[in-house]
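Heads up: the structure comes next, in structure tokens.
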Amino acid sequence: MKNLQKLIILTGPSGVGKGTVVKEILRKDKNIWLSISATTRKPREGEKEGENYYFLNQEKFTEMIEQNLFLEWAKFAGNYYGTPLSSVKERIKKGFTVLLEIEVEGAKQIKEQFPESLSIFLLPPDKVELERRIRNRGTEKEEAIQKRLFRANYEISLSNQFDFELTNHNVDETAKKIVKLIQT
Ligand code: 5GP
């Protein structure tokens, strides 16, 4: 793949607001295409196949790993998540800037494979607020919440391994800063 300065990685802990920031980024710059990941996690209420994720069973996900169909994949809080290679390649070829909204292990894999990609780590304004957001999502059982909280601390400890660290005080401001980083 060529032209990988067109590959943008947005990472950061669960609950930091990556999804909301991504929506705002896509609204501000129509040349940015968001990669849709595959996951073995069950859909949350309102989530749609092919829109939020491609929801796969474990067998199918493992098959895709074996066939090298992922650009990267990682296990997160008991489930698998991966970026399908073919659609990313296709969009880059068409001249789009491709945005990956992924957790840290996948983000590190991409940065190692493609050092010219741009990686951004989103930090919460404070950890108390982050815990409140993870809990208030209301879609996860206590066990899953505990896994996500534990994982959030680990992820935050790695934030300085990425090109830019941004604190998400305000969605619009954060999205503006990211679009500026992408466009310069
Ligand atoms: P959620 O279950 O809350 O939708 O996502 C859990 C975590 O997995 C989030 O940090 C999200 O960014 C990350 N994630 C989503 N898709 C992918 C992917 O394709 N690869 C990796 N490595 N992480 C992903």
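Chain labels run A, B, ... following the order of the structure tokens; each chain numbers its residues from 1, and ligands are numbered from 1 in the order shown.
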
Around ligand 1, out to 6 Å and counting only C-alpha atoms and all ligand atoms, which residues are there? I want them as a PyMOL selection string.
chain A and resi 13-14+37-38+73-74+81-83+101-103+105-106

Suppose we keep C-alpha atoms; can you now write the selection as a PDB file, in the first residue's frame?
ATOM      1  CA  PRO A  13      -9.620   4.253  26.237  1.00  0.00           C
ATOM      2  CA  SER A  14     -13.172   3.016  26.027  1.00  0.00           C
ATOM      3  CA  SER A  37     -14.321  -3.098  11.889  1.00  0.00           C
ATOM      4  CA  ALA A  38     -15.238  -6.702  12.442  1.00  0.00           C
ATOM      5  CA  TRP A  73      -6.634  -7.297  15.008  1.00  0.00           C
ATOM      6  CA  ALA A  74      -6.633  -7.435  18.811  1.00  0.00           C
ATOM      7  CA  TYR A  81     -11.804  -6.716  16.960  1.00  0.00           C
ATOM      8  CA  GLY A  82     -10.143  -6.306  13.564  1.00  0.00           C
ATOM      9  CA  THR A  83      -9.749  -3.964  10.589  1.00  0.00           C
ATOM     10  CA  GLU A 101     -10.941   4.070  15.378  1.00  0.00           C
ATOM     11  CA  ILE A 102      -9.247   1.281  17.305  1.00  0.00           C
ATOM     12  CA  GLU A 103      -7.812   0.258  20.693  1.00  0.00           C
ATOM     13  CA  GLU A 105      -2.693  -2.793  20.617  1.00  0.00           C
ATOM     14  CA  GLY A 106      -4.089  -2.547  17.096  1.00  0.00           C
TER      15      GLY A 106
END

Can you pull out every residue within 12 Å of Lys147 of chain A, counting only C-alpha atoms, but drop anything in the same chain fewer than 5 positions away, and send it as a list in words?
Pro13, Ser14, Lys75, Phe76, Ala77, Gly78, Asn79, Glu131, Ile134, Arg135, Glu140, Lys141, Glu142, Ala152, Asn153 and Tyr154 of chain A

Contacts of Arg27 of chain A within 12 Å, only C-alpha atoms, excl. fewer than 4 positions in-chain, as a list of chain:residue names:
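Non-adjacent residues within range: A:Thr20, A:Val21, A:Val22, A:Lys23, A:Asn31, A:Ile32, A:Trp33, A:Leu34, A:Asp172, A:Ala175, A:Lys176, A:Val179.
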
Find the distance between atom CA of Asp126 of chain A and atom CA of Lys18 of chain A and write it in Å to one decimal.
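Going from atom CA of Asp126 of chain A over to atom CA of Lys18 of chain A covers 15.2 Å.
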
So that I can check the surroundings of Gln109 of chain A, please list as a short mmCIF file (atom, residue, chain, number, x, y, z; two decimals) with N, CA, C and O atoms, in the first residue's frame every protein, DNA and RNA residue that reaches within 9 Å of it, counting only C-alpha atoms and ignoring chain neighbours fewer than 4 positions away.
data_model
loop_
_atom_site.label_atom_id
_atom_site.label_comp_id
_atom_site.auth_asym_id
_atom_site.auth_seq_id
_atom_site.Cartn_x
_atom_site.Cartn_y
_atom_site.Cartn_z
N LEU A 71 -5.92 -6.05 8.50
CA LEU A 71 -4.76 -5.15 8.53
C LEU A 71 -4.15 -5.23 9.93
O LEU A 71 -2.95 -5.16 10.11
N GLU A 72 -5.01 -5.34 10.93
CA GLU A 72 -4.61 -5.56 12.32
C GLU A 72 -5.80 -6.17 13.03
O GLU A 72 -6.93 -6.03 12.58
N TRP A 73 -5.54 -6.83 14.15
CA TRP A 73 -6.63 -7.30 15.01
C TRP A 73 -6.12 -7.39 16.43
O TRP A 73 -4.91 -7.43 16.66
N VAL A 104 -5.54 0.36 21.64
CA VAL A 104 -4.09 0.62 21.54
C VAL A 104 -3.24 -0.47 20.91
O VAL A 104 -2.28 -0.15 20.21
N GLU A 105 -3.57 -1.74 21.16
CA GLU A 105 -2.69 -2.79 20.62
C GLU A 105 -2.73 -2.78 19.09
O GLU A 105 -1.70 -2.89 18.44
N GLN A 113 3.79 -1.17 11.42
CA GLN A 113 3.76 -1.57 10.00
C GLN A 113 3.88 -0.37 9.07
O GLN A 113 4.49 -0.45 8.02
N PHE A 114 3.23 0.75 9.47
CA PHE A 114 3.17 1.94 8.60
C PHE A 114 3.58 3.17 9.39
O PHE A 114 2.73 3.94 9.84
#

So what do you get for atom CA of Glu116 of chain A versus atom CA of Thr174 of chain A, distance-wise?
22.0 Å

Fewer than 6 positions away in the same chain doesn't count, so skip those; otherwise give me all residues within 9 Å of Pro125 of chain A, counting only C-alpha atoms, as a PyMOL selection string.
chain A and resi 16+167-169

Residue with smallest distance to Lys127 of chain A - pool A:Phe70, A:Tyr80, A:Phe150, A:Tyr53, counting only C-alpha atoms
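The answer is A:Phe150, which sits nearest to Lys127 of chain A.
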
Taking the backbone alone, and naming residues the way the document does, which bits of segment 62-93 of chain A are strand (DSSP E) by DSSP, as a PyMOL selection string?
chain A and resi 70-76+79-84

Would you mind exporting the chosen residues as a PDB file, in the first residue's frame, restricted to N, CA and C atoms?
ATOM      1  N   PHE A  70      -7.037  -9.353   7.775  1.00  0.00           N
ATOM      2  CA  PHE A  70      -7.060  -8.159   8.626  1.00  0.00           C
ATOM      3  C   PHE A  70      -5.766  -7.357   8.485  1.00  0.00           C
ATOM      4  N   LEU A  71      -5.920  -6.048   8.496  1.00  0.00           N
ATOM      5  CA  LEU A  71      -4.762  -5.151   8.532  1.00  0.00           C
ATOM      6  C   LEU A  71      -4.147  -5.226   9.933  1.00  0.00           C
ATOM      7  N   GLU A  72      -5.008  -5.341  10.926  1.00  0.00           N
ATOM      8  CA  GLU A  72      -4.614  -5.556  12.316  1.00  0.00           C
ATOM      9  C   GLU A  72      -5.801  -6.170  13.026  1.00  0.00           C
ATOM     10  N   TRP A  73      -5.540  -6.834  14.148  1.00  0.00           N
ATOM     11  CA  TRP A  73      -6.634  -7.297  15.008  1.00  0.00           C
ATOM     12  C   TRP A  73      -6.118  -7.388  16.429  1.00  0.00           C
ATOM     13  N   ALA A  74      -7.025  -7.361  17.404  1.00  0.00           N
ATOM     14  CA  ALA A  74      -6.633  -7.435  18.811  1.00  0.00           C
ATOM     15  C   ALA A  74      -7.792  -7.974  19.631  1.00  0.00           C
ATOM     16  N   LYS A  75      -7.441  -8.466  20.829  1.00  0.00           N
ATOM     17  CA  LYS A  75      -8.474  -8.911  21.762  1.00  0.00           C
ATOM     18  C   LYS A  75      -8.693  -7.774  22.750  1.00  0.00           C
ATOM     19  N   PHE A  76      -9.934  -7.446  23.022  1.00  0.00           N
ATOM     20  CA  PHE A  76     -10.250  -6.342  23.923  1.00  0.00           C
ATOM     21  C   PHE A  76     -11.407  -6.771  24.814  1.00  0.00           C
ATOM     22  N   ASN A  79     -13.358  -9.856  23.793  1.00  0.00           N
ATOM     23  CA  ASN A  79     -13.814 -10.024  22.412  1.00  0.00           C
ATOM     24  C   ASN A  79     -12.712  -9.666  21.422  1.00  0.00           C
ATOM     25  N   TYR A  80     -12.887 -10.125  20.192  1.00  0.00           N
ATOM     26  CA  TYR A  80     -11.924  -9.823  19.131  1.00  0.00           C
ATOM     27  C   TYR A  80     -12.436  -8.671  18.267  1.00  0.00           C
ATOM     28  N   TYR A  81     -11.482  -7.842  17.830  1.00  0.00           N
ATOM     29  CA  TYR A  81     -11.804  -6.716  16.960  1.00  0.00           C
ATOM     30  C   TYR A  81     -10.747  -6.653  15.869  1.00  0.00           C
ATOM     31  N   GLY A  82     -11.141  -6.375  14.623  1.00  0.00           N
ATOM     32  CA  GLY A  82     -10.143  -6.306  13.564  1.00  0.00           C
ATOM     33  C   GLY A  82     -10.553  -5.389  12.431  1.00  0.00           C
ATOM     34  N   THR A  83      -9.524  -4.860  11.734  1.00  0.00           N
ATOM     35  CA  THR A  83      -9.749  -3.964  10.589  1.00  0.00           C
ATOM     36  C   THR A  83      -9.638  -4.768   9.295  1.00  0.00           C
ATOM     37  N   PRO A  84     -10.728  -4.899   8.531  1.00  0.00           N
ATOM     38  CA  PRO A  84     -10.652  -5.630   7.264  1.00  0.00           C
ATOM     39  C   PRO A  84      -9.725  -4.920   6.272  1.00  0.00           C
TER      40      PRO A  84
END

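Proximity of A:Leu85, A:Val171, A:Leu130, A:Leu99 to Ile65 of chain A, computed with only C-alpha atoms, is greatest for A:Leu85.
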
Report the distance between atom CA of Ile110 of chain A and atom CA of Arg133 of chain A in Å, rounded to one decimal place.
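Interatomic distance, atom CA of Ile110 of chain A to atom CA of Arg133 of chain A: 27.4 Å.
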
Give the answer as one residue: which of A:Ile36, A:Ile156, A:Val128, A:Leu118 has the shortest atom-to-atom distance to Gly19 of chain A, using only C-alpha atoms?
A:Ile36

Compare A:Gln183, A:Thr11, A:Arg44, A:Lys94 by their minimum atom-to-atom distance to Glu155 of chain A, counting only C-alpha atoms, and give me the closest one.
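Of the candidates, the smallest distance to Glu155 of chain A is held by A:Thr11.
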
Select, from A:Arg91, A:Lys28, A:Lys48, A:Lys42, the residue with the minimum atom-to-atom distance to Lys177 of chain A, counting only C-alpha atoms.
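Residue with the minimum atom-to-atom distance to Lys177 of chain A: A:Lys28.
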